[in-house]
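Visitor: If you scroll down you'll find the structure; I have some questions about it.
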Amino acid sequence: AQSVAQPEDQVNVAEGNPLTVKCTYSVSGNPYLFWYVQYPNRGLQFLLKYITGDNLVKGSYGFEAEFNKSQTSFHLKKPSALVSDSALYFCAVRDIGGRGSTLGRLYFGRGTQLTVWP
Amino acid sequence: NAGVTQTPKFQVLKTGQSMTLQCAQDMNHNSMYWYRQDPGMGLRLIYYSASEGTTDKGEVPNGYNVSRLNKREFSLRLESAAPSQTSVYFCASSEGQGGSYEQYFGPGTRLTVT
């Protein structure tokens, strides 16, 4: 079965510093990976995805993510954090199908609360 | 282009009452999903509809039913609400098989069952 893990419940970083939010995945076959952001009292917003190709994926709001197959990781990064980046971040992996599966379903991690202080 | 809309935004129910959460999307997506979000649990899939006319259970379907009314609309019904169903409910949609798989979410319904 597919799954993702976000090992940190919270990440704190000073404004202007680089940030990293970690995600590791477990999937049989080629992974389809996603990052979402949730601001308080809002729905999740799609940030970026990795399907195939370049290991460094660029997304919305200056975020990027690095796919590392050998480490089964898909960490979210930003070179210079903003206070407005403070939010809850979710990593997700797509169900790849197969017996008893739900093709197209996303499996979400538990989320990482990012706080950027001024 | 409103994306995914959900009604109501907030609801308080007494134990045993029933209600229907409404969801609509205007992106011509094939697949639609209902999730619940509880603190520290991430998002858990309740039901999904891979395409118009089909629905299937997710990982936490007990106590819920769904209807895919047409391609645009996907409703979630609580027949007899329980305090354990206090949660924030999100509807999402995606192009589905053969298309792009990222999901787009509605703003959520915050439900409290007393």
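Quick note on naming: the chains in the structure tokens go A, B, ... in the order shown, residues restart at 1 in each chain, and ligands are numbered from 1 in order of appearance.
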Any idea what's packed within 8 Å of stretch 81-94 of chain A, counting only C-alpha atoms, ignoring anything in its chain fewer than 4 positions away? Could you give it as a PyMOL selection string?
Guide: (chain A and resi 2-6+13-19+21+23+25+31-40+103-118) or (chain B and resi 42+101)
Visitor: Write out as a ChimeraX atom specification every residue belonging to chain B that has an atom at most 6 Å from any atom of chain A, counting only C-alpha atoms.
Guide: /B:40-42,105-108
Visitor: Set the distance at 9 Å and use only C-alpha atoms: which residues neighbour B:Val60 once local chain neighbours fewer than 3 positions away are removed? I'd like the list as a list in words.
Guide: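 Answer for this query is Tyr35, Arg36, Arg44, Leu45, Ile46, Tyr47, Lys57, Gly63 and Tyr64 of chain B.
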Visitor: Considering only C-alpha atoms, state which residue in the set A:Thr24, A:Val11, A:Gly29, A:Asp95 is at the smallest distance from A:Asn68.
Guide: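 Smallest distance to A:Asn68 is found for A:Thr24.
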Visitor: Env of stretch 48-50 of chain B: 8 Å cut, atoms = only C-alpha atoms, seq-sep filter 3 positions within chain, self excluded. Answer as a ChimeraX atom specification.
Guide: /A:104 /B:30-34,45,53-58,68,96
Visitor: I'd like to know which residues of stretch 2-72 of chain A are strand (DSSP E) (by DSSP, run on the backbone); could you write them as a PDB file with all heavy atoms, in the first residue's frame?
Guide:
ATOM      1  N   SER A   3       1.930   5.073   1.054  1.00  0.00           N
ATOM      2  CA  SER A   3       1.854   5.916   2.245  1.00  0.00           C
ATOM      3  C   SER A   3       2.922   6.990   2.173  1.00  0.00           C
ATOM      4  O   SER A   3       3.901   6.861   1.435  1.00  0.00           O
ATOM      5  CB  SER A   3       2.028   5.094   3.521  1.00  0.00           C
ATOM      6  OG  SER A   3       3.326   4.568   3.595  1.00  0.00           O
ATOM      7  N   VAL A   4       2.691   8.049   2.933  1.00  0.00           N
ATOM      8  CA  VAL A   4       3.702   9.077   3.112  1.00  0.00           C
ATOM      9  C   VAL A   4       3.839   9.346   4.595  1.00  0.00           C
ATOM     10  O   VAL A   4       2.893   9.158   5.363  1.00  0.00           O
ATOM     11  CB  VAL A   4       3.364  10.398   2.385  1.00  0.00           C
ATOM     12  CG1 VAL A   4       3.425  10.213   0.882  1.00  0.00           C
ATOM     13  CG2 VAL A   4       2.026  10.937   2.811  1.00  0.00           C
ATOM     14  N   ALA A   5       5.019   9.809   4.987  1.00  0.00           N
ATOM     15  CA  ALA A   5       5.278  10.167   6.373  1.00  0.00           C
ATOM     16  C   ALA A   5       5.885  11.558   6.417  1.00  0.00           C
ATOM     17  O   ALA A   5       6.770  11.888   5.611  1.00  0.00           O
ATOM     18  CB  ALA A   5       6.229   9.165   7.023  1.00  0.00           C
ATOM     19  N   GLN A  10       6.083  20.017  13.598  1.00  0.00           N
ATOM     20  CA  GLN A  10       6.255  21.475  13.538  1.00  0.00           C
ATOM     21  C   GLN A  10       7.643  21.809  12.998  1.00  0.00           C
ATOM     22  O   GLN A  10       8.622  21.118  13.302  1.00  0.00           O
ATOM     23  CB  GLN A  10       6.126  22.079  14.931  1.00  0.00           C
ATOM     24  CG  GLN A  10       4.710  22.085  15.478  1.00  0.00           C
ATOM     25  CD  GLN A  10       4.517  23.184  16.494  1.00  0.00           C
ATOM     26  OE1 GLN A  10       5.396  23.427  17.297  1.00  0.00           O
ATOM     27  NE2 GLN A  10       3.383  23.866  16.455  1.00  0.00           N
ATOM     28  N   VAL A  11       7.690  22.865  12.223  1.00  0.00           N
ATOM     29  CA  VAL A  11       8.953  23.441  11.760  1.00  0.00           C
ATOM     30  C   VAL A  11       8.890  24.937  12.017  1.00  0.00           C
ATOM     31  O   VAL A  11       7.899  25.587  11.650  1.00  0.00           O
ATOM     32  CB  VAL A  11       9.184  23.165  10.269  1.00  0.00           C
ATOM     33  CG1 VAL A  11      10.375  23.969   9.744  1.00  0.00           C
ATOM     34  CG2 VAL A  11       9.398  21.683  10.010  1.00  0.00           C
ATOM     35  N   ASN A  12       9.911  25.444  12.655  1.00  0.00           N
ATOM     36  CA  ASN A  12       9.983  26.880  12.937  1.00  0.00           C
ATOM     37  C   ASN A  12      11.219  27.446  12.234  1.00  0.00           C
ATOM     38  O   ASN A  12      12.302  26.861  12.307  1.00  0.00           O
ATOM     39  CB  ASN A  12      10.090  27.136  14.438  1.00  0.00           C
ATOM     40  CG  ASN A  12       8.888  26.612  15.188  1.00  0.00           C
ATOM     41  OD1 ASN A  12       7.755  26.876  14.813  1.00  0.00           O
ATOM     42  ND2 ASN A  12       9.142  25.841  16.227  1.00  0.00           N
ATOM     43  N   VAL A  13      11.041  28.592  11.593  1.00  0.00           N
ATOM     44  CA  VAL A  13      12.157  29.189  10.873  1.00  0.00           C
ATOM     45  C   VAL A  13      12.007  30.713  10.889  1.00  0.00           C
ATOM     46  O   VAL A  13      10.883  31.235  10.957  1.00  0.00           O
ATOM     47  CB  VAL A  13      12.221  28.640   9.428  1.00  0.00           C
ATOM     48  CG1 VAL A  13      10.979  29.048   8.646  1.00  0.00           C
ATOM     49  CG2 VAL A  13      13.470  29.090   8.705  1.00  0.00           C
ATOM     50  N   ALA A  14      13.110  31.400  10.866  1.00  0.00           N
ATOM     51  CA  ALA A  14      13.083  32.865  10.842  1.00  0.00           C
ATOM     52  C   ALA A  14      12.856  33.357   9.417  1.00  0.00           C
ATOM     53  O   ALA A  14      13.312  32.742   8.444  1.00  0.00           O
ATOM     54  CB  ALA A  14      14.396  33.427  11.385  1.00  0.00           C
ATOM     55  N   LEU A  19      13.785  27.276   4.169  1.00  0.00           N
ATOM     56  CA  LEU A  19      12.962  26.330   4.911  1.00  0.00           C
ATOM     57  C   LEU A  19      12.911  24.992   4.177  1.00  0.00           C
ATOM     58  O   LEU A  19      13.006  24.932   2.950  1.00  0.00           O
ATOM     59  CB  LEU A  19      11.547  26.877   5.125  1.00  0.00           C
ATOM     60  CG  LEU A  19      10.596  26.999   3.934  1.00  0.00           C
ATOM     61  CD1 LEU A  19       9.836  25.710   3.666  1.00  0.00           C
ATOM     62  CD2 LEU A  19       9.610  28.140   4.164  1.00  0.00           C
ATOM     63  N   THR A  20      12.752  23.939   4.978  1.00  0.00           N
ATOM     64  CA  THR A  20      12.554  22.588   4.440  1.00  0.00           C
ATOM     65  C   THR A  20      11.483  21.905   5.257  1.00  0.00           C
ATOM     66  O   THR A  20      11.540  21.914   6.488  1.00  0.00           O
ATOM     67  CB  THR A  20      13.851  21.752   4.512  1.00  0.00           C
ATOM     68  OG1 THR A  20      14.860  22.379   3.723  1.00  0.00           O
ATOM     69  CG2 THR A  20      13.611  20.344   3.992  1.00  0.00           C
ATOM     70  N   VAL A  21      10.519  21.323   4.580  1.00  0.00           N
ATOM     71  CA  VAL A  21       9.500  20.497   5.216  1.00  0.00           C
ATOM     72  C   VAL A  21       9.662  19.099   4.631  1.00  0.00           C
ATOM     73  O   VAL A  21       9.600  18.911   3.420  1.00  0.00           O
ATOM     74  CB  VAL A  21       8.083  21.039   4.965  1.00  0.00           C
ATOM     75  CG1 VAL A  21       7.056  20.184   5.691  1.00  0.00           C
ATOM     76  CG2 VAL A  21       7.977  22.489   5.403  1.00  0.00           C
ATOM     77  N   THR A  24       8.692  11.590   3.423  1.00  0.00           N
ATOM     78  CA  THR A  24       9.191  10.351   2.842  1.00  0.00           C
ATOM     79  C   THR A  24       7.997   9.525   2.388  1.00  0.00           C
ATOM     80  O   THR A  24       6.892   9.665   2.923  1.00  0.00           O
ATOM     81  CB  THR A  24      10.036   9.542   3.837  1.00  0.00           C
ATOM     82  OG1 THR A  24       9.245   9.258   4.996  1.00  0.00           O
ATOM     83  CG2 THR A  24      11.272  10.321   4.248  1.00  0.00           C
ATOM     84  N   TYR A  25       8.213   8.687   1.409  1.00  0.00           N
ATOM     85  CA  TYR A  25       7.094   7.946   0.842  1.00  0.00           C
ATOM     86  C   TYR A  25       7.409   6.461   0.759  1.00  0.00           C
ATOM     87  O   TYR A  25       8.576   6.048   0.792  1.00  0.00           O
ATOM     88  CB  TYR A  25       6.747   8.487  -0.555  1.00  0.00           C
ATOM     89  CG  TYR A  25       7.832   8.259  -1.578  1.00  0.00           C
ATOM     90  CD1 TYR A  25       7.866   7.090  -2.330  1.00  0.00           C
ATOM     91  CD2 TYR A  25       8.821   9.216  -1.796  1.00  0.00           C
ATOM     92  CE1 TYR A  25       8.872   6.884  -3.262  1.00  0.00           C
ATOM     93  CE2 TYR A  25       9.821   9.009  -2.723  1.00  0.00           C
ATOM     94  CZ  TYR A  25       9.845   7.844  -3.449  1.00  0.00           C
ATOM     95  OH  TYR A  25      10.844   7.628  -4.368  1.00  0.00           O
ATOM     96  N   SER A  26       6.350   5.701   0.646  1.00  0.00           N
ATOM     97  CA  SER A  26       6.460   4.270   0.432  1.00  0.00           C
ATOM     98  C   SER A  26       5.451   3.902  -0.635  1.00  0.00           C
ATOM     99  O   SER A  26       4.245   4.120  -0.466  1.00  0.00           O
ATOM    100  CB  SER A  26       6.167   3.508   1.730  1.00  0.00           C
ATOM    101  OG  SER A  26       6.117   2.118   1.491  1.00  0.00           O
ATOM    102  N   LEU A  33       3.745  12.265  -6.562  1.00  0.00           N
ATOM    103  CA  LEU A  33       3.820  12.931  -5.262  1.00  0.00           C
ATOM    104  C   LEU A  33       3.315  14.358  -5.347  1.00  0.00           C
ATOM    105  O   LEU A  33       3.503  15.028  -6.366  1.00  0.00           O
ATOM    106  CB  LEU A  33       5.264  12.913  -4.761  1.00  0.00           C
ATOM    107  CG  LEU A  33       5.828  11.517  -4.476  1.00  0.00           C
ATOM    108  CD1 LEU A  33       7.332  11.513  -4.517  1.00  0.00           C
ATOM    109  CD2 LEU A  33       5.314  11.009  -3.136  1.00  0.00           C
ATOM    110  N   PHE A  34       2.730  14.824  -4.263  1.00  0.00           N
ATOM    111  CA  PHE A  34       2.102  16.140  -4.236  1.00  0.00           C
ATOM    112  C   PHE A  34       2.409  16.845  -2.925  1.00  0.00           C
ATOM    113  O   PHE A  34       2.608  16.205  -1.884  1.00  0.00           O
ATOM    114  CB  PHE A  34       0.574  16.004  -4.347  1.00  0.00           C
ATOM    115  CG  PHE A  34       0.109  15.267  -5.572  1.00  0.00           C
ATOM    116  CD1 PHE A  34       0.089  13.880  -5.598  1.00  0.00           C
ATOM    117  CD2 PHE A  34      -0.319  15.952  -6.698  1.00  0.00           C
ATOM    118  CE1 PHE A  34      -0.335  13.194  -6.724  1.00  0.00           C
ATOM    119  CE2 PHE A  34      -0.748  15.273  -7.825  1.00  0.00           C
ATOM    120  CZ  PHE A  34      -0.758  13.903  -7.836  1.00  0.00           C
ATOM    121  N   TRP A  35       2.397  18.176  -2.977  1.00  0.00           N
ATOM    122  CA  TRP A  35       2.410  19.003  -1.778  1.00  0.00           C
ATOM    123  C   TRP A  35       1.212  19.942  -1.829  1.00  0.00           C
ATOM    124  O   TRP A  35       0.912  20.537  -2.880  1.00  0.00           O
ATOM    125  CB  TRP A  35       3.684  19.835  -1.662  1.00  0.00           C
ATOM    126  CG  TRP A  35       4.819  19.111  -1.019  1.00  0.00           C
ATOM    127  CD1 TRP A  35       5.907  18.560  -1.620  1.00  0.00           C
ATOM    128  CD2 TRP A  35       4.984  18.883   0.393  1.00  0.00           C
ATOM    129  NE1 TRP A  35       6.731  17.991  -0.681  1.00  0.00           N
ATOM    130  CE2 TRP A  35       6.193  18.164   0.561  1.00  0.00           C
ATOM    131  CE3 TRP A  35       4.232  19.200   1.533  1.00  0.00           C
ATOM    132  CZ2 TRP A  35       6.680  17.774   1.804  1.00  0.00           C
ATOM    133  CZ3 TRP A  35       4.701  18.809   2.766  1.00  0.00           C
ATOM    134  CH2 TRP A  35       5.917  18.104   2.900  1.00  0.00           C
ATOM    135  N   TYR A  36       0.572  20.059  -0.636  1.00  0.00           N
ATOM    136  CA  TYR A  36      -0.539  20.967  -0.473  1.00  0.00           C
ATOM    137  C   TYR A  36      -0.266  21.872   0.726  1.00  0.00           C
ATOM    138  O   TYR A  36       0.442  21.490   1.662  1.00  0.00           O
ATOM    139  CB  TYR A  36      -1.843  20.209  -0.195  1.00  0.00           C
ATOM    140  CG  TYR A  36      -2.442  19.552  -1.403  1.00  0.00           C
ATOM    141  CD1 TYR A  36      -1.978  18.316  -1.855  1.00  0.00           C
ATOM    142  CD2 TYR A  36      -3.488  20.153  -2.102  1.00  0.00           C
ATOM    143  CE1 TYR A  36      -2.530  17.717  -2.974  1.00  0.00           C
ATOM    144  CE2 TYR A  36      -4.044  19.559  -3.220  1.00  0.00           C
ATOM    145  CZ  TYR A  36      -3.561  18.345  -3.642  1.00  0.00           C
ATOM    146  OH  TYR A  36      -4.110  17.747  -4.747  1.00  0.00           O
ATOM    147  N   VAL A  37      -0.890  23.052   0.725  1.00  0.00           N
ATOM    148  CA  VAL A  37      -0.802  23.969   1.852  1.00  0.00           C
ATOM    149  C   VAL A  37      -2.212  24.291   2.328  1.00  0.00           C
ATOM    150  O   VAL A  37      -3.146  24.389   1.522  1.00  0.00           O
ATOM    151  CB  VAL A  37      -0.038  25.265   1.476  1.00  0.00           C
ATOM    152  CG1 VAL A  37      -0.731  26.029   0.350  1.00  0.00           C
ATOM    153  CG2 VAL A  37       0.116  26.182   2.694  1.00  0.00           C
ATOM    154  N   GLN A  38      -2.358  24.411   3.651  1.00  0.00           N
ATOM    155  CA  GLN A  38      -3.660  24.790   4.224  1.00  0.00           C
ATOM    156  C   GLN A  38      -3.465  25.967   5.171  1.00  0.00           C
ATOM    157  O   GLN A  38      -2.775  25.850   6.190  1.00  0.00           O
ATOM    158  CB  GLN A  38      -4.286  23.611   4.968  1.00  0.00           C
ATOM    159  CG  GLN A  38      -5.684  23.910   5.489  1.00  0.00           C
ATOM    160  CD  GLN A  38      -6.279  22.745   6.241  1.00  0.00           C
ATOM    161  OE1 GLN A  38      -5.586  21.951   6.860  1.00  0.00           O
ATOM    162  NE2 GLN A  38      -7.602  22.632   6.177  1.00  0.00           N
ATOM    163  N   LEU A  44      -7.497  22.875   1.415  1.00  0.00           N
ATOM    164  CA  LEU A  44      -6.135  22.651   0.962  1.00  0.00           C
ATOM    165  C   LEU A  44      -5.935  23.242  -0.421  1.00  0.00           C
ATOM    166  O   LEU A  44      -6.817  23.166  -1.277  1.00  0.00           O
ATOM    167  CB  LEU A  44      -5.839  21.145   0.899  1.00  0.00           C
ATOM    168  CG  LEU A  44      -5.416  20.479   2.201  1.00  0.00           C
ATOM    169  CD1 LEU A  44      -6.575  20.390   3.172  1.00  0.00           C
ATOM    170  CD2 LEU A  44      -4.853  19.097   1.923  1.00  0.00           C
ATOM    171  N   GLN A  45      -4.740  23.818  -0.624  1.00  0.00           N
ATOM    172  CA  GLN A  45      -4.396  24.361  -1.935  1.00  0.00           C
ATOM    173  C   GLN A  45      -3.229  23.569  -2.516  1.00  0.00           C
ATOM    174  O   GLN A  45      -2.235  23.323  -1.826  1.00  0.00           O
ATOM    175  CB  GLN A  45      -3.984  25.836  -1.811  1.00  0.00           C
ATOM    176  CG  GLN A  45      -5.085  26.762  -1.373  1.00  0.00           C
ATOM    177  CD  GLN A  45      -4.584  28.188  -1.261  1.00  0.00           C
ATOM    178  OE1 GLN A  45      -3.687  28.607  -1.999  1.00  0.00           O
ATOM    179  NE2 GLN A  45      -5.156  28.945  -0.346  1.00  0.00           N
ATOM    180  N   PHE A  46      -3.341  23.220  -3.768  1.00  0.00           N
ATOM    181  CA  PHE A  46      -2.288  22.486  -4.463  1.00  0.00           C
ATOM    182  C   PHE A  46      -1.074  23.383  -4.664  1.00  0.00           C
ATOM    183  O   PHE A  46      -1.205  24.529  -5.113  1.00  0.00           O
ATOM    184  CB  PHE A  46      -2.835  22.012  -5.809  1.00  0.00           C
ATOM    185  CG  PHE A  46      -1.810  21.474  -6.755  1.00  0.00           C
ATOM    186  CD1 PHE A  46      -1.208  20.263  -6.505  1.00  0.00           C
ATOM    187  CD2 PHE A  46      -1.465  22.176  -7.897  1.00  0.00           C
ATOM    188  CE1 PHE A  46      -0.267  19.757  -7.385  1.00  0.00           C
ATOM    189  CE2 PHE A  46      -0.530  21.683  -8.777  1.00  0.00           C
ATOM    190  CZ  PHE A  46       0.079  20.474  -8.526  1.00  0.00           C
ATOM    191  N   LEU A  47       0.116  22.880  -4.305  1.00  0.00           N
ATOM    192  CA  LEU A  47       1.356  23.632  -4.481  1.00  0.00           C
ATOM    193  C   LEU A  47       2.173  23.136  -5.669  1.00  0.00           C
ATOM    194  O   LEU A  47       2.629  23.936  -6.494  1.00  0.00           O
ATOM    195  CB  LEU A  47       2.240  23.505  -3.230  1.00  0.00           C
ATOM    196  CG  LEU A  47       2.017  24.456  -2.059  1.00  0.00           C
ATOM    197  CD1 LEU A  47       3.000  24.135  -0.951  1.00  0.00           C
ATOM    198  CD2 LEU A  47       2.137  25.900  -2.498  1.00  0.00           C
ATOM    199  N   LEU A  48       2.406  21.820  -5.710  1.00  0.00           N
ATOM    200  CA  LEU A  48       3.234  21.267  -6.775  1.00  0.00           C
ATOM    201  C   LEU A  48       3.101  19.754  -6.785  1.00  0.00           C
ATOM    202  O   LEU A  48       2.574  19.165  -5.844  1.00  0.00           O
ATOM    203  CB  LEU A  48       4.701  21.675  -6.596  1.00  0.00           C
ATOM    204  CG  LEU A  48       5.355  21.434  -5.240  1.00  0.00           C
ATOM    205  CD1 LEU A  48       5.813  19.995  -5.087  1.00  0.00           C
ATOM    206  CD2 LEU A  48       6.565  22.362  -5.055  1.00  0.00           C
ATOM    207  N   LYS A  49       3.612  19.155  -7.866  1.00  0.00           N
ATOM    208  CA  LYS A  49       3.569  17.701  -7.992  1.00  0.00           C
ATOM    209  C   LYS A  49       4.802  17.201  -8.726  1.00  0.00           C
ATOM    210  O   LYS A  49       5.428  17.927  -9.515  1.00  0.00           O
ATOM    211  CB  LYS A  49       2.307  17.262  -8.747  1.00  0.00           C
ATOM    212  CG  LYS A  49       2.290  17.709 -10.207  1.00  0.00           C
ATOM    213  CD  LYS A  49       1.003  17.277 -10.900  1.00  0.00           C
ATOM    214  CE  LYS A  49       0.962  17.791 -12.341  1.00  0.00           C
ATOM    215  NZ  LYS A  49      -0.329  17.464 -13.002  1.00  0.00           N
ATOM    216  N   TYR A  50       5.144  15.968  -8.448  1.00  0.00           N
ATOM    217  CA  TYR A  50       6.174  15.249  -9.186  1.00  0.00           C
ATOM    218  C   TYR A  50       5.519  14.044  -9.843  1.00  0.00           C
ATOM    219  O   TYR A  50       4.896  13.218  -9.172  1.00  0.00           O
ATOM    220  CB  TYR A  50       7.303  14.777  -8.263  1.00  0.00           C
ATOM    221  CG  TYR A  50       8.269  13.877  -8.992  1.00  0.00           C
ATOM    222  CD1 TYR A  50       9.292  14.412  -9.769  1.00  0.00           C
ATOM    223  CD2 TYR A  50       8.130  12.495  -8.948  1.00  0.00           C
ATOM    224  CE1 TYR A  50      10.160  13.586 -10.464  1.00  0.00           C
ATOM    225  CE2 TYR A  50       8.989  11.664  -9.637  1.00  0.00           C
ATOM    226  CZ  TYR A  50       9.995  12.208 -10.402  1.00  0.00           C
ATOM    227  OH  TYR A  50      10.842  11.400 -11.106  1.00  0.00           O
ATOM    228  N   LEU A  56      13.919  18.195  -9.397  1.00  0.00           N
ATOM    229  CA  LEU A  56      13.564  19.439  -8.718  1.00  0.00           C
ATOM    230  C   LEU A  56      12.321  20.007  -9.399  1.00  0.00           C
ATOM    231  O   LEU A  56      12.338  20.362 -10.572  1.00  0.00           O
ATOM    232  CB  LEU A  56      14.716  20.439  -8.787  1.00  0.00           C
ATOM    233  CG  LEU A  56      14.533  21.702  -7.941  1.00  0.00           C
ATOM    234  CD1 LEU A  56      14.457  21.362  -6.461  1.00  0.00           C
ATOM    235  CD2 LEU A  56      15.667  22.690  -8.211  1.00  0.00           C
ATOM    236  N   VAL A  57      11.257  20.093  -8.637  1.00  0.00           N
ATOM    237  CA  VAL A  57       9.972  20.544  -9.168  1.00  0.00           C
ATOM    238  C   VAL A  57       9.667  21.923  -8.602  1.00  0.00           C
ATOM    239  O   VAL A  57       9.776  22.135  -7.392  1.00  0.00           O
ATOM    240  CB  VAL A  57       8.850  19.570  -8.757  1.00  0.00           C
ATOM    241  CG1 VAL A  57       7.514  20.050  -9.294  1.00  0.00           C
ATOM    242  CG2 VAL A  57       9.164  18.171  -9.243  1.00  0.00           C
ATOM    243  N   LYS A  58       9.286  22.840  -9.443  1.00  0.00           N
ATOM    244  CA  LYS A  58       8.937  24.191  -8.979  1.00  0.00           C
ATOM    245  C   LYS A  58       7.414  24.326  -8.937  1.00  0.00           C
ATOM    246  O   LYS A  58       6.694  23.794  -9.785  1.00  0.00           O
ATOM    247  CB  LYS A  58       9.547  25.239  -9.895  1.00  0.00           C
ATOM    248  CG  LYS A  58      11.071  25.250  -9.834  1.00  0.00           C
ATOM    249  CD  LYS A  58      11.658  26.445 -10.535  1.00  0.00           C
ATOM    250  CE  LYS A  58      13.176  26.390 -10.535  1.00  0.00           C
ATOM    251  NZ  LYS A  58      13.728  26.392  -9.164  1.00  0.00           N
ATOM    252  N   GLU A  64       9.533  24.866  -3.987  1.00  0.00           N
ATOM    253  CA  GLU A  64      10.026  23.808  -4.845  1.00  0.00           C
ATOM    254  C   GLU A  64      10.172  22.545  -4.008  1.00  0.00           C
ATOM    255  O   GLU A  64      10.160  22.599  -2.777  1.00  0.00           O
ATOM    256  CB  GLU A  64      11.364  24.204  -5.488  1.00  0.00           C
ATOM    257  CG  GLU A  64      12.433  24.584  -4.501  1.00  0.00           C
ATOM    258  CD  GLU A  64      13.633  25.231  -5.187  1.00  0.00           C
ATOM    259  OE1 GLU A  64      13.497  25.843  -6.259  1.00  0.00           O
ATOM    260  OE2 GLU A  64      14.734  25.127  -4.597  1.00  0.00           O
ATOM    261  N   ALA A  65      10.275  21.424  -4.682  1.00  0.00           N
ATOM    262  CA  ALA A  65      10.436  20.164  -3.962  1.00  0.00           C
ATOM    263  C   ALA A  65      11.445  19.314  -4.701  1.00  0.00           C
ATOM    264  O   ALA A  65      11.514  19.324  -5.937  1.00  0.00           O
ATOM    265  CB  ALA A  65       9.108  19.434  -3.834  1.00  0.00           C
ATOM    266  N   GLU A  66      12.221  18.565  -3.913  1.00  0.00           N
ATOM    267  CA  GLU A  66      13.265  17.724  -4.481  1.00  0.00           C
ATOM    268  C   GLU A  66      12.902  16.264  -4.305  1.00  0.00           C
ATOM    269  O   GLU A  66      12.739  15.778  -3.178  1.00  0.00           O
ATOM    270  CB  GLU A  66      14.604  18.021  -3.811  1.00  0.00           C
ATOM    271  CG  GLU A  66      15.771  17.294  -4.470  1.00  0.00           C
ATOM    272  CD  GLU A  66      17.102  17.748  -3.931  1.00  0.00           C
ATOM    273  OE1 GLU A  66      17.130  18.485  -2.927  1.00  0.00           O
ATOM    274  OE2 GLU A  66      18.123  17.353  -4.509  1.00  0.00           O
ATOM    275  N   PHE A  67      12.766  15.581  -5.418  1.00  0.00           N
ATOM    276  CA  PHE A  67      12.485  14.152  -5.414  1.00  0.00           C
ATOM    277  C   PHE A  67      13.803  13.389  -5.346  1.00  0.00           C
ATOM    278  O   PHE A  67      14.706  13.632  -6.150  1.00  0.00           O
ATOM    279  CB  PHE A  67      11.722  13.773  -6.680  1.00  0.00           C
ATOM    280  CG  PHE A  67      11.524  12.294  -6.860  1.00  0.00           C
ATOM    281  CD1 PHE A  67      10.682  11.586  -6.032  1.00  0.00           C
ATOM    282  CD2 PHE A  67      12.200  11.609  -7.868  1.00  0.00           C
ATOM    283  CE1 PHE A  67      10.499  10.223  -6.196  1.00  0.00           C
ATOM    284  CE2 PHE A  67      12.035  10.236  -8.041  1.00  0.00           C
ATOM    285  CZ  PHE A  67      11.179   9.552  -7.197  1.00  0.00           C
ATOM    286  N   ASN A  68      13.901  12.465  -4.389  1.00  0.00           N
ATOM    287  CA  ASN A  68      15.113  11.662  -4.238  1.00  0.00           C
ATOM    288  C   ASN A  68      14.694  10.200  -4.158  1.00  0.00           C
ATOM    289  O   ASN A  68      14.185   9.740  -3.134  1.00  0.00           O
ATOM    290  CB  ASN A  68      15.882  12.081  -2.980  1.00  0.00           C
ATOM    291  CG  ASN A  68      17.231  11.407  -2.877  1.00  0.00           C
ATOM    292  OD1 ASN A  68      17.352  10.218  -3.133  1.00  0.00           O
ATOM    293  ND2 ASN A  68      18.249  12.159  -2.513  1.00  0.00           N
TER     294      ASN A  68
END
Visitor: Record the distance separating atom CA of B:Ala92 and atom CA of B:Gly16, expressed in Å with one decimal.
Guide: 26.7 Å
